[in-house]
Amino acid sequence: MWQSRTGASAMAVELAAGLILATAVSDAFGFASASFYLLVLGVPVTAAAGLICFAQVVDNVNGGRMDALGRLQATLSALLVGGIVIGAAVREPFIAAGTIPPEASGVLAFCFALLVLQALLALAPSRRSDREERTRARPRSSLSR
C-alpha cells in the first residue's frame with residue numbers, strides 16, 4: 001500500500017512558498033525593504049518547516065523504517081533556511097538605497113528551485129513496510145483476548 005506525504009510538512013512548505021512568492025512580487029514592484037522583511041519573516045517559517053521534516057525522519061527511523069525521501073526533504077529544508085538567510089543578508093546593505101542587488105534575485109531563484117523539489121518530493125508516494133500492512137490488516141477487538 002502506498003502512503004502519501006501530507007500534513008504539517010506540506011503546510012509548512014506552502015507557507016514558505018507563499019512568503020517567497022510575496023518576496024518576488026515585492027521585488028517586482030521595487031519595494032526593497034518589504035522584500036527584506038518578508039525574507040526575515042521567512043527564516044522562522046522555513047526553520048519550522050525543516051524541523052517538522054526532520055521530526056518525521058526521526059519518527060520513521062524510530063519506527064524501524066528507512067525514509068530516504070524524507071531525509072532528502074529534510075536536507076532540502078535545511079538548504080532553504082540557509083538560502084533565505086543568505087538572501088536576507090545580501091539585501092540588508094541595500095535597504096537604505098532602496099535597490100535590490102542582482103545576487104538577491106539569484107538566491108531567490110535558488111529558493112524557488114528548492115521549493116519545487118520539495119513539492120515534488122511531497123507528492124511522491126512512499127512504500128509502507130510489510131509489518132505495517134499486517135498490523136493494519138488485523139483489526140483488534142476489545143473482546144478477543
# chains A, B, ... in the order shown; residues from 1 in each chain; ligands from 1
call {"tool": "residues_around", "arguments": {"residues": "A:Ser77", "least_positions_apart": "2", "cutoff": "12 Å", "atoms": "only C-alpha atoms", "output": "MDAnalysis selection string"}}
result
chainID A and resid 9:10 12:13 16:17 43:54 70:75 79:84 111:119 121
call {"tool": "select_by_dssp", "arguments": {"residues": "chain A", "states": "helix (DSSP H, G or I)", "output": "number ranges by chain"}}
result
A: 8-29, 32-62, 68-94, 102-123, 130-137
call {"tool": "write_last_selection", "arguments": {"atoms": "C-alpha atoms", "output": "mmCIF file, in the first residue's frame"}}
result
data_model
loop_
_atom_site.group_PDB
_atom_site.id
_atom_site.type_symbol
_atom_site.label_atom_id
_atom_site.label_comp_id
_atom_site.auth_asym_id
_atom_site.auth_seq_id
_atom_site.Cartn_x
_atom_site.Cartn_y
_atom_site.Cartn_z
ATOM 1 C CA ALA A 8 2.239 19.571 8.649
ATOM 2 C CA SER A 9 5.241 19.386 6.327
ATOM 3 C CA ALA A 10 3.097 20.267 3.314
ATOM 4 C CA MET A 11 1.547 23.225 5.131
ATOM 5 C CA ALA A 12 4.942 24.486 6.261
ATOM 6 C CA VAL A 13 6.302 24.251 2.715
ATOM 7 C CA GLU A 14 3.217 26.096 1.432
ATOM 8 C CA LEU A 15 3.759 28.905 3.966
ATOM 9 C CA ALA A 16 7.394 29.208 2.953
ATOM 10 C CA ALA A 17 6.396 29.239 -0.712
ATOM 11 C CA GLY A 18 3.862 31.988 -0.022
ATOM 12 C CA LEU A 19 6.467 34.143 1.682
ATOM 13 C CA ILE A 20 8.989 33.624 -1.102
ATOM 14 C CA LEU A 21 6.344 34.392 -3.723
ATOM 15 C CA ALA A 22 5.395 37.561 -1.816
ATOM 16 C CA THR A 23 9.090 38.491 -1.776
ATOM 17 C CA ALA A 24 9.303 38.041 -5.552
ATOM 18 C CA VAL A 25 6.210 40.217 -6.072
ATOM 19 C CA SER A 26 7.663 42.835 -3.745
ATOM 20 C CA ASP A 27 10.897 42.734 -5.752
ATOM 21 C CA ALA A 28 8.963 43.186 -8.988
ATOM 22 C CA PHE A 29 7.323 46.340 -7.613
ATOM 23 C CA ALA A 32 13.328 46.579 -1.302
ATOM 24 C CA SER A 33 12.605 46.999 2.401
ATOM 25 C CA ALA A 34 9.379 44.951 2.223
ATOM 26 C CA SER A 35 11.281 42.187 0.414
ATOM 27 C CA PHE A 36 13.933 42.160 3.118
ATOM 28 C CA TYR A 37 11.403 41.939 5.950
ATOM 29 C CA LEU A 38 9.456 39.206 4.162
ATOM 30 C CA LEU A 39 12.651 37.176 3.993
ATOM 31 C CA VAL A 40 13.373 37.863 7.662
ATOM 32 C CA LEU A 41 9.857 36.601 8.417
ATOM 33 C CA GLY A 42 10.598 33.559 6.265
ATOM 34 C CA VAL A 43 13.524 32.452 8.431
ATOM 35 C CA PRO A 44 11.462 31.080 11.352
ATOM 36 C CA VAL A 45 8.808 29.717 8.980
ATOM 37 C CA THR A 46 11.320 27.723 6.951
ATOM 38 C CA ALA A 47 13.170 26.676 10.100
ATOM 39 C CA ALA A 48 9.900 25.281 11.476
ATOM 40 C CA ALA A 49 9.255 23.504 8.176
ATOM 41 C CA GLY A 50 12.717 21.968 8.333
ATOM 42 C CA LEU A 51 12.226 20.840 11.921
ATOM 43 C CA ILE A 52 8.902 19.224 11.021
ATOM 44 C CA CYS A 53 10.542 17.340 8.145
ATOM 45 C CA PHE A 54 13.395 16.285 10.410
ATOM 46 C CA ALA A 55 10.936 15.140 13.102
ATOM 47 C CA GLN A 56 9.192 12.920 10.551
ATOM 48 C CA VAL A 57 12.528 11.356 9.613
ATOM 49 C CA VAL A 58 13.341 10.701 13.282
ATOM 50 C CA ASP A 59 9.891 9.157 13.826
ATOM 51 C CA ASN A 60 10.392 6.879 10.823
ATOM 52 C CA VAL A 61 13.848 5.799 11.989
ATOM 53 C CA ASN A 62 12.498 5.084 15.483
ATOM 54 C CA ALA A 68 15.302 8.230 2.028
ATOM 55 C CA LEU A 69 12.789 10.675 0.560
ATOM 56 C CA GLY A 70 12.131 12.131 3.993
ATOM 57 C CA ARG A 71 15.842 12.603 4.580
ATOM 58 C CA LEU A 72 16.175 14.335 1.226
ATOM 59 C CA GLN A 73 13.239 16.594 2.034
ATOM 60 C CA ALA A 74 14.754 17.499 5.415
ATOM 61 C CA THR A 75 18.070 18.269 3.702
ATOM 62 C CA LEU A 76 16.307 20.490 1.152
ATOM 63 C CA SER A 77 14.558 22.272 4.021
ATOM 64 C CA ALA A 78 17.909 22.982 5.664
ATOM 65 C CA LEU A 79 19.236 24.350 2.374
ATOM 66 C CA LEU A 80 16.111 26.505 2.062
ATOM 67 C CA VAL A 81 16.705 28.020 5.507
ATOM 68 C CA GLY A 82 20.278 28.777 4.502
ATOM 69 C CA GLY A 83 19.146 30.296 1.208
ATOM 70 C CA ILE A 84 16.654 32.574 2.902
ATOM 71 C CA VAL A 85 19.194 33.704 5.499
ATOM 72 C CA ILE A 86 21.745 34.423 2.767
ATOM 73 C CA GLY A 87 19.100 36.221 0.697
ATOM 74 C CA ALA A 88 18.208 38.460 3.618
ATOM 75 C CA ALA A 89 21.879 39.093 4.392
ATOM 76 C CA VAL A 90 22.608 40.088 0.796
ATOM 77 C CA ARG A 91 19.673 42.529 0.758
ATOM 78 C CA GLU A 92 20.325 44.229 4.085
ATOM 79 C CA PRO A 93 23.063 46.684 2.978
ATOM 80 C CA PHE A 94 20.865 47.910 0.109
ATOM 81 C CA PRO A 102 21.162 41.029 -8.544
ATOM 82 C CA GLU A 103 22.626 38.424 -6.186
ATOM 83 C CA ALA A 104 19.433 38.581 -4.142
ATOM 84 C CA SER A 105 17.393 37.636 -7.193
ATOM 85 C CA GLY A 106 19.678 34.684 -7.818
ATOM 86 C CA VAL A 107 19.299 33.461 -4.246
ATOM 87 C CA LEU A 108 15.522 33.874 -4.546
ATOM 88 C CA ALA A 109 15.545 31.736 -7.715
ATOM 89 C CA PHE A 110 17.557 29.095 -5.850
ATOM 90 C CA CYS A 111 14.953 29.103 -3.066
ATOM 91 C CA PHE A 112 12.172 28.666 -5.642
ATOM 92 C CA ALA A 113 14.019 25.678 -7.121
ATOM 93 C CA LEU A 114 14.351 24.109 -3.672
ATOM 94 C CA LEU A 115 10.624 24.619 -3.050
ATOM 95 C CA VAL A 116 9.728 22.970 -6.363
ATOM 96 C CA LEU A 117 11.887 19.966 -5.457
ATOM 97 C CA GLN A 118 10.259 19.775 -2.028
ATOM 98 C CA ALA A 119 6.797 19.929 -3.552
ATOM 99 C CA LEU A 120 7.640 17.130 -5.968
ATOM 100 C CA LEU A 121 9.005 15.021 -3.113
ATOM 101 C CA ALA A 122 5.857 15.679 -1.088
ATOM 102 C CA LEU A 123 3.818 14.250 -3.956
ATOM 103 C CA ASP A 130 5.024 -5.385 5.222
ATOM 104 C CA ARG A 131 4.893 -5.373 9.015
ATOM 105 C CA GLU A 132 2.698 -2.250 8.951
ATOM 106 C CA GLU A 133 0.442 -3.868 6.362
ATOM 107 C CA ARG A 134 -0.092 -6.953 8.520
ATOM 108 C CA THR A 135 -0.764 -4.830 11.597
ATOM 109 C CA ARG A 136 -3.351 -2.757 9.736
ATOM 110 C CA ALA A 137 -4.948 -5.840 8.172
#
